[in-house]
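Student: Structure provided below as structure tokens; questions to follow.
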Amino acid sequence: MADRLEDSFAESLIANLDSSSGSWLAVEEIIDRLKSSLTPAATKESWKYTPLRDFLVGFTGAAAVTPDITGVNQPGLTMSALSAAGEYARGPAALANTGPLPLADAALLCAGDAVHIKVSGEIAQPLEISYGEGVQVPIVITLEDNASLQLIERNNAVEFCNHSLFVELNRGSRLNHARSALDSNCCDWGLTQVRLLETTDYRLQQYHTGARKRRAETLILLDGRGARAELTGAYVVESNSHLDQQFIVEHRSPDTFSRQTFHGIGAGKGTIVFNGRIHIHPDSPGSDASLVNKNLALHPEATINTKPELEIYTDDVKCAHGATVGQLAEDSIFYLRSRGLSRDDARTLLCRAFLKSCIEGVLAEEVTEALLRNLTGP
Amino acid sequence: MPVEDLVPSEYSAGFVTDIESETLPPGLDESVVRFISGKKQEPQWLTDWRLQAYAAWRAMTPPTWAHVHFKPIDFESISYYSAPKNFEDGPTSLDEVDPELLRTYEKLGIPLHEQETLAGVVRQTPNVAVDVVFDSVSITTTFKEKLAEAGVIFCPISEAVQEHPELVQKYLGTVVPQRDNFYAALNSAVFSDGSFVYIPPGVRCPMELSTYFRINAQNTGQFERTLIIADAGSYVSYLEGCTAPMRDENQLHAAVVELVALEDAQIKYSTVQNWYPGDKDGKGGIYNFVTKRGACRGARSKISWTQVETGSAITWKYPSVILRGDDSVGEFYSVALTNNYQQADTGTKMIHLGKNTKSTIISKGISAGKSQNSYRGLVRISPTADGARNYTQCDSLLIGGNSGAHTFPYIENKNLNAIIEHEATTSKVSDEQLFLCQQRGIDAEKAVSMIVNGFCKDVFRELPMEFAVEAGKLLEVSLEGAIG
Amino acid sequence: MNILEIKDLHVSVGGEQILKGLNLSVEQGSVHAIMGPNGSGKSTLANVLAGKPGYVIDRGEIHFDGDLLNDVDPEVRARAGLFLAFQYPVEIPGVSNMEFLKAAVDSLAAARGGEQTTAVEFVKSVRKIATALDLNPEFLKRGVNEGFSGGERKRNEILQLLLLNPRLAVLDETDSGLDIDAMQTVADGINRFRDAHNCVLLITHYQRLLNHVVPDVVHVLSDGVIVKSGEKDLAVTLEERGYAWLTD
């Protein structure tokens with residue numbers, strides 16, 4: 001069964017390919033790698049808690065859809081179709097072993113089917129991307145030297161969505177990136193790859209709820225000395241929903257810095273999957289990395305699977321991670337009740353505080369209420 | 001001097017004992033399984049059990065998920081049975097033991113004569129009973145009579161099969177099933193010897209029990225099987241040590257250890273693992289692919305694993321606890337030191353099923369040379385485990401810039417009332433630290449040893465006294481002779 | 001008129017009986033001090049009055065303004081005017097003092113059918129009290145008790161006392177961990193609170209706070225029962241002679 005699904009997935013990709021424009025990675029090679037990366041053994045680890053096949057059924061072979069992009073008519077921004085994908089070869093090639101999706105995107109990129117946005121200088125207004133139904137055309141954003149941008153990404157699909165974003169930050173550039181996916185019915189699967197060159201600064205604020213199935217993979221490549229990435233986020237998973245967030249931070253240059261701070265609540269009979277990997281390569285002394293993932297279990301049938309991973313190949317590093325699963329502190333609830341707050345109000349206040357410490361940036365206001373909307377549990 | 005030069009591994013237990021052995025030719029099929037079973041005059045049920053395991057193993061493939069790399073093992077090139085020839089009929093007393101063999105254990109500092117125990121290395125705590133396993137057979141077990149007075153059974157598992165078949169049949173394979181994993185299945189088919197312990201209800205075992213494992217013969221795999229049962233309200237502390245000669249080829253060690261703790265029982269299981277790690281270039285050494293698991297079956301029972309792992313070319317082991325009894329406790333304290341080209345993928349699984357079950361995991365990984373050292377752990381809280389608690393602390397110490405330190409903790413919670421905390425840190429022994437020590441008159445070797453010992457003290461504290469001393473010395477030996 | 005009336009109160013915690021038949025009446029307009037050695041049940045009394053989960057009433061009754069309190073939720077007690085100043089006020093990171101105090105004031109106002117204060121009025125009144133208690137008004141932006149020293153936490157408790165203006169204030173070891181100046185500030189706060197319409201139950205191990213807040217009655221609690229009651233001098237006697245002579 002799985003084999004057939006995965007085969008049809010591969011076929012739908014082939015249908016999307018125009019082999020004549022494949023310039024940097026042979027189409028056949030992509031398909032080969034795709035097939036091999038879909039073997040049960042290889043996907044077993046990365047897809048331990050989320051069934052891959054739930055997503056594959058969404059790939060029908062229909063042509064990819066261009067997402068809705070606003071704010072692009074500003075000085076410093078140019079948008080074009082990406083035909084010569086060759087310059088991004090290094091990125092997707094590096095992704096070859098992170099799972100099938102990057103290869104799917106590589107295939108699309110290879111076929112010339114991508115939107116390319118170039119950014120130069122300081123951009124005044126945010127660039128906003130909204131995803132709709134179906135497989136979305138990949139977006140490539142290049143920030144030129146010393147450019148800076150506020151990017152907002154929203155997922156508006158309610159049925160099925162597969163989207164991908166490739167970002168390259170050139171020397172001295174800054175990107176503030178806020179994103180949300182708040183629909184609880186959707187089946188969506190998104191990939192983000194951010195490659196940071198020298199002295200660049202990337203910030204991500206990610207606010208997701210659970211959905212029918214939701215998987216968000218984020219790969220951060222710290223590829224230049226002094227690159228900094230700060231990832232933060234809050235999530236709530238309610239009944240009958242599933243949220244799988246994967247973060248991989250690759251420290252591949254000296255003096256690189258990363259922070260990951262994520263707080264989440266299991267508020268219903270649903271599943272939280274959190275995988276945060278810090279990978280320090282041998283030639284990157286002076287790396288400083290940390291990850292904190294805290295989870296509250298507020299429902300008797302909430303499942304929380306978290307896996308903070310470290311893979312370190314040099315000794316000149318500062319590295320730490322922590323993960324917790326727990327409940328609201330009874331002492332705190334009692335303190336609030338002794339001052340006249342009801343039990344529910346006390347819980348809501350504490351949950352809000354727990355999430356709010358990870359909510360910041362341009363989306364803060366619009367996501368806070370959305371995340372908290374059904375939080376008065378048992 | 002750079003830090004990495006400070007951790008050579010001088011393997012002092014690497015000599016070969018020249019004694020006549022009876023060794024099966026390499027290869028594995030049903031007839032080998034039948035031969036081993038027949039050699040030990042096993043009852044039919046056990047022969048059948050082994051054959052079942054063998055059939056299961058044939059259909060399985062070796063696990064590939066661990067963070068270790070090695071050439072596939074040719075299971076047809078290994079001999080599955082080797083025994084010193086003199087023991088064909090079994091030694092009836094120590095006087096019949098080959099003097100060459102006795103000298104082997106003397107070199108290792110393992111006293112086989114009971115009176116030597118009183119005067120020997122473990123002088124401070126004379127109450128250590130020792131079972132010694134040499135290649136495939138158990139050589140001797142000391143203090144048997146004294147233990148029998150207390151009702152404690154401590155003997156080779158092959159003897160237990162004859163003398164206490166009801167106990168063996170009742171518990172064998174109930175914690176680690178035959179088809180649990182590839183190496184456990186192999187062990188179930190060809191296990192040779194190992195220790196058996198039974199502590200009757202309410203008995204506090206009057207002395208530390210200890211098994212010493214030694215692989216001697218060439219091209220031989222060692223597949224011992226240990227089964228420890230602590231009946232209601234009993235207590236036992238069990239120590240395990242292991243060494244092997246230096247040989248250029250890799251040797252396979254695939255043991256299975258099963259622990260069963262009934263109501264209010266406690267088992268403390270300590271290991272100092274010093275199998276031959278291979279030479280400086282990564283040649284030779286033991287593949288230590290071991291399945292160790294304990295079951296806290298009764299309420300308020302407790303199983304505690306403490307391990308100091310300095311040996312083996314590759315270590316693949318996850319001493320685990322299944323916390324079924326309400327209020328039961330599981331502990332895992334580990335020091336794993338890897339050097340040169342050693343690879344270790346080790347950790348634990350704590351499976352919480354009962355109410356108010358608690359587990360603690362303290363793991364200290366030290367990576368030097370070009371070695372790779374991984375902690376891999378699973379904490380699983382099931383819906384039935386109300387009030388479960390876990391605390392995990394994983395620390396890595398890197399010595400030199402060419403080794404790897406990795407952490408792969410899986411946390412799976414399905415309970416509203418569980419509290420799980422996991423923390424990990426990474427630190428290094430820096431040239432600056434060493435220089436400071438040297439400038440204050442402490443030599444570099446001593447400084448590294450101090451730093452490493454300090455790093456490990458949370459785990460050493462959990463070892464029985466005489467083992468703590470041995471463990472400390474072992475680390476020191478690994479750090480010794482560095483200067484010059 | 002008695003605001004608080006406790007009859008034959010037996011309380012256990014974790015299966016262990018701590019209060020073993022305590023009787024106590026506190027009338028409107030009065031200050032009662034409860035003294036006693038460690039482990040006598042002082043904090044248990046404070047917690048059971050506030051309705052802390054885990055404190056089981058095995059027998060006896062607590063009446064507050066004539067109503068039986070035994071099974072009432074902690075927030076309902078608070079809204080009825082029962083206030084506990086905690087011995088160890090808990091830290092609640094992420095919830096700002098401002099947010100917390102406003103929520104408390106609003107819930108009490110709603111229960112009393114009064115009007116909600118506006119944010120501006122509210123901040124004004126809090127700042128005024130904070131200044132009187134030597135608390136930097138900037139504390140409003142910080143998390144509840146987050147990073148507070150022991151003394152700051154106790155002053156924050158007194159601030160809440162003055163802000164919420166209850167019928168009965170139970171002060172559990174409010175003097176512990178305070179230096180002389182802080183003690184004076186806290187005592188001033190309590191004296192400012194007490195009037196003819198409310199009452200105070202001061203729980204303390206030492207007599208020193210009673211030099212600043214003069215009680216009408218002093219009770220000695222020992223092994224879960226009140227073994228002696230007297231006037232203010234009793235506290236002085238206890239200071240001089242200790243507790244042993246009472247139980248021998």
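Chain identifiers are assigned as A, B, and so on, following the order in which chains appear in the structure tokens; residues are numbered from 1 within each chain, and ligands are numbered from 1 in order of appearance.
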Excluding A:Asn170 and residues on its chain fewer than 3 positions from it, collect all residues at most 8 Å away from it, counting only C-alpha atoms, and give them as a compact mmCIF listing (two decimals) with N, CA, C and O atoms, in the first residue's frame.
Tutor:
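Below is the file that was written, part_4.txt:
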```txt
# COMPACT_ATOMS: atom_id res chain seq x y z
N THR A 142 15.87 36.11 -2.06
CA THR A 142 17.28 36.40 -1.89
C THR A 142 17.43 37.79 -1.29
O THR A 142 16.96 38.77 -1.87
N LEU A 143 18.04 37.86 -0.12
CA LEU A 143 18.34 39.16 0.45
C LEU A 143 19.77 39.50 0.07
O LEU A 143 20.69 38.74 0.39
N GLU A 144 19.92 40.62 -0.62
CA GLU A 144 21.27 41.01 -1.02
C GLU A 144 22.02 41.60 0.16
O GLU A 144 21.43 41.80 1.24
N ASP A 145 23.28 41.88 -0.01
CA ASP A 145 24.11 42.38 1.10
C ASP A 145 23.41 43.52 1.84
O ASP A 145 22.91 44.46 1.21
N ASN A 146 23.36 43.42 3.14
CA ASN A 146 22.83 44.46 4.02
C ASN A 146 21.35 44.79 3.81
O ASN A 146 20.88 45.80 4.31
N SER A 173 22.76 40.93 5.89
CA SER A 173 21.32 41.16 5.73
C SER A 173 20.54 40.64 6.94
O SER A 173 21.05 39.85 7.73
N LEU A 196 22.10 31.20 5.85
CA LEU A 196 22.63 32.45 6.35
C LEU A 196 24.11 32.56 6.06
O LEU A 196 24.88 31.69 6.47
N LEU A 197 24.49 33.65 5.38
CA LEU A 197 25.91 33.88 5.15
C LEU A 197 26.44 34.82 6.24
O LEU A 197 25.76 35.09 7.22
N GLU A 198 27.66 35.31 6.04
CA GLU A 198 28.35 36.08 7.09
C GLU A 198 27.51 37.18 7.74
O GLU A 198 26.84 37.94 7.05
N THR A 200 24.84 37.64 9.18
CA THR A 200 23.42 37.85 8.90
C THR A 200 22.61 37.55 10.16
O THR A 200 23.10 36.92 11.11
```
Student: Using only C-alpha atoms, determine which residues of chain A fall within 8 Å of chain B; present them as a ChimeraX atom specification.
Tutor: /A:282,297-327
Student: Applying 9 Å and only C-alpha atoms, which residues near C:Leu163 remain after dropping the ones on its own chain fewer than 2 positions away? List them as a PyMOL selection string.
Tutor: chain C and resi 101+105+125-126+129+158-161+165-166
Student: Find the residues around A:Lys356 up to 12 Å (only C-alpha atoms counted), leave out those fewer than 4 positions away in its own chain, and share them as a PyMOL selection string.
Tutor: (chain A and resi 205+207+232-235+261-265+348-352+360-361+364-365+367-369+371-372) or (chain C and resi 93-96+143)
Student: Can you pull out every residue within 10 Å of stretch 158-171 of chain B, counting only C-alpha atoms, but drop anything in the same chain fewer than 2 positions away, and send it as a PyMOL selection string?
Tutor: chain B and resi 37+40-43+45-46+137-138+153-156+173-176+191-198+225+227-229+258-260
Student: Could you please select, counting only C-alpha atoms, the residues of chain C within 6 Å of chain A and state them as a PDB file with all heavy atoms, in the first residue's frame?
Tutor:
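Below is the file selection-v2.pdb, written as the result:
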```
ATOM      1  N   PRO C  74     -11.760  28.196  47.065  1.00  0.00           N
ATOM      2  CA  PRO C  74     -10.889  29.285  47.538  1.00  0.00           C
ATOM      3  C   PRO C  74     -11.271  30.655  46.982  1.00  0.00           C
ATOM      4  O   PRO C  74     -11.234  31.650  47.708  1.00  0.00           O
ATOM      5  CB  PRO C  74      -9.497  28.894  47.036  1.00  0.00           C
ATOM      6  CG  PRO C  74      -9.590  27.517  46.530  1.00  0.00           C
ATOM      7  CD  PRO C  74     -10.995  27.096  46.485  1.00  0.00           C
ATOM      8  N   GLU C  75     -11.654  30.702  45.679  1.00  0.00           N
ATOM      9  CA  GLU C  75     -11.961  32.012  45.099  1.00  0.00           C
ATOM     10  C   GLU C  75     -13.231  32.598  45.694  1.00  0.00           C
ATOM     11  O   GLU C  75     -13.374  33.814  45.812  1.00  0.00           O
ATOM     12  CB  GLU C  75     -12.050  31.930  43.568  1.00  0.00           C
ATOM     13  CG  GLU C  75     -13.093  31.001  42.985  1.00  0.00           C
ATOM     14  CD  GLU C  75     -12.546  29.603  42.738  1.00  0.00           C
ATOM     15  OE1 GLU C  75     -11.674  29.148  43.524  1.00  0.00           O
ATOM     16  OE2 GLU C  75     -13.000  28.967  41.766  1.00  0.00           O
ATOM     17  N   ALA C  78     -12.310  34.153  48.889  1.00  0.00           N
ATOM     18  CA  ALA C  78     -11.629  35.422  48.642  1.00  0.00           C
ATOM     19  C   ALA C  78     -12.647  36.513  48.347  1.00  0.00           C
ATOM     20  O   ALA C  78     -12.552  37.627  48.862  1.00  0.00           O
ATOM     21  CB  ALA C  78     -10.646  35.273  47.486  1.00  0.00           C
ATOM     22  N   ARG C  79     -13.633  36.171  47.523  1.00  0.00           N
ATOM     23  CA  ARG C  79     -14.639  37.166  47.133  1.00  0.00           C
ATOM     24  C   ARG C  79     -15.509  37.551  48.322  1.00  0.00           C
ATOM     25  O   ARG C  79     -16.044  38.658  48.391  1.00  0.00           O
ATOM     26  CB  ARG C  79     -15.508  36.626  46.001  1.00  0.00           C
ATOM     27  CG  ARG C  79     -14.727  36.488  44.700  1.00  0.00           C
ATOM     28  CD  ARG C  79     -15.517  35.709  43.667  1.00  0.00           C
ATOM     29  NE  ARG C  79     -14.648  35.302  42.564  1.00  0.00           N
ATOM     30  CZ  ARG C  79     -14.972  34.374  41.685  1.00  0.00           C
ATOM     31  NH1 ARG C  79     -16.129  33.740  41.757  1.00  0.00           N
ATOM     32  NH2 ARG C  79     -14.134  34.068  40.713  1.00  0.00           N
ATOM     33  N   GLY C  94       5.642  35.450  33.809  1.00  0.00           N
ATOM     34  CA  GLY C  94       4.822  35.645  32.612  1.00  0.00           C
ATOM     35  C   GLY C  94       3.514  36.359  32.888  1.00  0.00           C
ATOM     36  O   GLY C  94       2.957  37.000  32.019  1.00  0.00           O
ATOM     37  N   VAL C  95       2.978  36.204  34.114  1.00  0.00           N
ATOM     38  CA  VAL C  95       1.761  36.931  34.475  1.00  0.00           C
ATOM     39  C   VAL C  95       2.220  38.201  35.193  1.00  0.00           C
ATOM     40  O   VAL C  95       2.817  38.122  36.264  1.00  0.00           O
ATOM     41  CB  VAL C  95       0.861  36.103  35.414  1.00  0.00           C
ATOM     42  CG1 VAL C  95      -0.352  36.895  35.831  1.00  0.00           C
ATOM     43  CG2 VAL C  95       0.464  34.801  34.747  1.00  0.00           C
ATOM     44  N   ALA C 104      -7.751  40.314  40.028  1.00  0.00           N
ATOM     45  CA  ALA C 104      -8.236  40.062  41.385  1.00  0.00           C
ATOM     46  C   ALA C 104      -9.224  41.143  41.805  1.00  0.00           C
ATOM     47  O   ALA C 104     -10.330  40.847  42.299  1.00  0.00           O
ATOM     48  CB  ALA C 104      -7.047  40.010  42.352  1.00  0.00           C
ATOM     49  N   SER C 107     -12.522  40.726  39.954  1.00  0.00           N
ATOM     50  CA  SER C 107     -13.349  39.587  40.359  1.00  0.00           C
ATOM     51  C   SER C 107     -14.032  39.875  41.700  1.00  0.00           C
ATOM     52  O   SER C 107     -15.183  39.499  41.910  1.00  0.00           O
ATOM     53  CB  SER C 107     -12.508  38.309  40.437  1.00  0.00           C
ATOM     54  OG  SER C 107     -11.875  38.199  41.694  1.00  0.00           O
TER      55      SER C 107
END
```
Student: Residues within 8 Å of stretch 286-302 of chain B, please, as JSON, numbers by chain. Count only C-alpha atoms; anything in the same chain fewer than 2 positions from it doesn't count.
Tutor: {"B": [175, 176, 183, 184, 232, 244, 250, 251, 252, 253, 254, 255, 256, 257, 258, 259, 260, 261, 262, 263, 264, 265, 266, 267, 275, 276, 277, 278, 284, 304, 311, 312, 313, 314, 315, 316, 317, 318, 319, 320, 321, 322, 323, 324, 325, 326, 327, 328, 329, 330]}
Student: Pick out each residue of stretch 240-325 of chain B that DSSP on the backbone tags as strand (DSSP E); I need them as an MDAnalysis selection string.
Tutor: chainID B and resid 240:243 250:253 256:261 266:273 285:296 302:309 314:317 320:323
Student: Can those selected residues be exported to a file as a tab-separated table (two decimals), in the first residue's frame so that it contains N, CA and C atoms?
Tutor:
```tsv
chain	number	residue	atom	x	y	z
B	240	GLU	N	29.16	-6.44	37.60
B	240	GLU	CA	29.57	-7.17	36.41
B	240	GLU	C	30.81	-6.49	35.83
B	241	GLY	N	31.82	-7.31	35.52
B	241	GLY	CA	33.02	-6.75	34.91
B	241	GLY	C	33.38	-7.55	33.69
B	242	CYS	N	34.08	-6.95	32.76
B	242	CYS	CA	34.44	-7.71	31.57
B	242	CYS	C	35.73	-7.22	30.92
B	243	THR	N	36.53	-8.17	30.42
B	243	THR	CA	37.75	-7.83	29.69
B	243	THR	C	37.95	-8.84	28.56
B	250	ASN	N	37.73	-7.99	15.03
B	250	ASN	CA	36.67	-7.63	15.94
B	250	ASN	C	35.99	-8.88	16.47
B	251	GLN	N	35.61	-8.83	17.74
B	251	GLN	CA	34.90	-9.96	18.31
B	251	GLN	C	33.53	-9.50	18.78
B	252	LEU	N	32.57	-10.38	18.64
B	252	LEU	CA	31.19	-10.02	18.95
B	252	LEU	C	30.81	-10.47	20.36
B	253	HIS	N	30.23	-9.57	21.09
B	253	HIS	CA	29.68	-9.90	22.40
B	253	HIS	C	28.23	-9.50	22.38
B	256	VAL	N	22.53	-10.97	26.92
B	256	VAL	CA	21.19	-10.54	27.34
B	256	VAL	C	21.16	-10.61	28.86
B	257	VAL	N	20.68	-9.56	29.47
B	257	VAL	CA	20.49	-9.55	30.92
B	257	VAL	C	19.03	-9.24	31.20
B	258	GLU	N	18.42	-10.10	32.00
B	258	GLU	CA	17.02	-9.88	32.39
B	258	GLU	C	16.95	-9.77	33.91
B	259	LEU	N	16.27	-8.74	34.38
B	259	LEU	CA	16.06	-8.55	35.81
B	259	LEU	C	14.57	-8.54	36.09
B	260	VAL	N	14.19	-9.21	37.16
B	260	VAL	CA	12.79	-9.18	37.57
B	260	VAL	C	12.73	-8.79	39.03
B	261	ALA	N	12.04	-7.70	39.34
B	261	ALA	CA	11.86	-7.28	40.73
B	261	ALA	C	10.38	-7.38	41.08
B	266	GLN	N	14.35	-4.85	45.45
B	266	GLN	CA	15.29	-3.90	44.86
B	266	GLN	C	16.46	-4.63	44.21
B	267	ILE	N	16.79	-4.22	43.01
B	267	ILE	CA	17.97	-4.76	42.35
B	267	ILE	C	18.87	-3.60	41.95
B	268	LYS	N	20.11	-3.72	42.36
B	268	LYS	CA	21.10	-2.72	41.95
B	268	LYS	C	22.10	-3.44	41.06
B	269	TYR	N	22.21	-3.03	39.82
B	269	TYR	CA	23.05	-3.74	38.86
B	269	TYR	C	24.13	-2.79	38.37
B	270	SER	N	25.37	-3.13	38.64
B	270	SER	CA	26.47	-2.24	38.25
B	270	SER	C	27.39	-2.93	37.26
B	271	THR	N	27.86	-2.18	36.31
B	271	THR	CA	28.75	-2.74	35.29
B	271	THR	C	29.98	-1.87	35.15
B	272	VAL	N	31.15	-2.53	35.15
B	272	VAL	CA	32.33	-1.82	34.67
B	272	VAL	C	32.76	-2.56	33.42
B	273	GLN	N	32.55	-1.96	32.28
B	273	GLN	CA	32.76	-2.63	31.01
B	273	GLN	C	34.08	-2.17	30.42
B	285	GLY	N	39.04	-4.99	18.53
B	285	GLY	CA	38.13	-4.54	19.57
B	285	GLY	C	36.81	-5.28	19.53
B	286	ILE	N	36.12	-5.18	20.65
B	286	ILE	CA	34.88	-5.92	20.82
B	286	ILE	C	33.69	-5.11	20.30
B	287	TYR	N	32.77	-5.81	19.63
B	287	TYR	CA	31.47	-5.23	19.33
B	287	TYR	C	30.53	-5.64	20.47
B	288	ASN	N	30.17	-4.68	21.25
B	288	ASN	CA	29.39	-4.97	22.45
B	288	ASN	C	27.93	-4.63	22.19
B	289	PHE	N	27.17	-5.60	21.70
B	289	PHE	CA	25.78	-5.38	21.33
B	289	PHE	C	24.89	-6.11	22.33
B	290	VAL	N	24.49	-5.40	23.34
B	290	VAL	CA	23.94	-6.05	24.51
B	290	VAL	C	22.52	-5.57	24.79
B	291	THR	N	21.67	-6.48	25.19
B	291	THR	CA	20.30	-6.10	25.57
B	291	THR	C	20.13	-6.33	27.07
B	292	LYS	N	19.94	-5.24	27.80
B	292	LYS	CA	19.76	-5.35	29.25
B	292	LYS	C	18.45	-4.70	29.61
B	293	ARG	N	17.63	-5.41	30.32
B	293	ARG	CA	16.34	-4.84	30.66
B	293	ARG	C	15.85	-5.38	32.00
B	294	GLY	N	15.23	-4.52	32.75
B	294	GLY	CA	14.68	-4.94	34.02
B	294	GLY	C	13.19	-4.68	34.04
B	295	ALA	N	12.47	-5.53	34.77
B	295	ALA	CA	11.04	-5.33	34.91
B	295	ALA	C	10.71	-5.12	36.37
B	296	CYS	N	10.21	-3.94	36.71
B	296	CYS	CA	9.69	-3.69	38.05
B	296	CYS	C	8.25	-4.19	38.03
B	302	LYS	N	12.22	-1.57	42.79
B	302	LYS	CA	13.18	-0.60	42.29
B	302	LYS	C	14.31	-1.30	41.55
B	303	ILE	N	14.63	-0.81	40.37
B	303	ILE	CA	15.78	-1.33	39.64
B	303	ILE	C	16.69	-0.17	39.28
B	304	SER	N	17.96	-0.36	39.61
B	304	SER	CA	18.92	0.71	39.38
B	304	SER	C	20.09	0.18	38.55
B	305	TRP	N	20.31	0.79	37.39
B	305	TRP	CA	21.45	0.41	36.54
B	305	TRP	C	22.54	1.46	36.71
B	306	THR	N	23.75	0.99	36.97
B	306	THR	CA	24.88	1.92	36.94
B	306	THR	C	25.92	1.32	36.01
B	307	GLN	N	26.41	2.10	35.08
B	307	GLN	CA	27.41	1.53	34.16
B	307	GLN	C	28.56	2.50	33.95
B	308	VAL	N	29.75	1.92	33.91
B	308	VAL	CA	30.92	2.69	33.52
B	308	VAL	C	31.47	1.98	32.30
B	309	GLU	N	31.38	2.64	31.16
B	309	GLU	CA	31.72	2.01	29.89
B	309	GLU	C	32.99	2.66	29.37
B	314	ILE	N	32.77	-0.89	19.61
B	314	ILE	CA	31.43	-0.33	19.43
B	314	ILE	C	30.55	-0.80	20.57
B	315	THR	N	29.87	0.13	21.17
B	315	THR	CA	28.92	-0.22	22.24
B	315	THR	C	27.52	0.14	21.76
B	316	TRP	N	26.63	-0.78	21.98
B	316	TRP	CA	25.25	-0.62	21.54
B	316	TRP	C	24.42	-1.21	22.68
B	317	LYS	N	24.07	-0.42	23.66
B	317	LYS	CA	23.32	-0.99	24.78
B	317	LYS	C	22.49	0.04	25.49
B	320	SER	N	17.42	-0.88	30.41
B	320	SER	CA	16.11	-0.25	30.50
B	320	SER	C	15.32	-0.77	31.68
B	321	VAL	N	14.27	-0.06	32.01
B	321	VAL	CA	13.39	-0.50	33.08
B	321	VAL	C	11.94	-0.35	32.63
B	322	ILE	N	11.20	-1.42	32.82
B	322	ILE	CA	9.76	-1.36	32.58
B	322	ILE	C	9.09	-1.20	33.94
B	323	LEU	N	8.50	-0.04	34.16
B	323	LEU	CA	7.96	0.29	35.48
B	323	LEU	C	6.47	-0.06	35.50
```
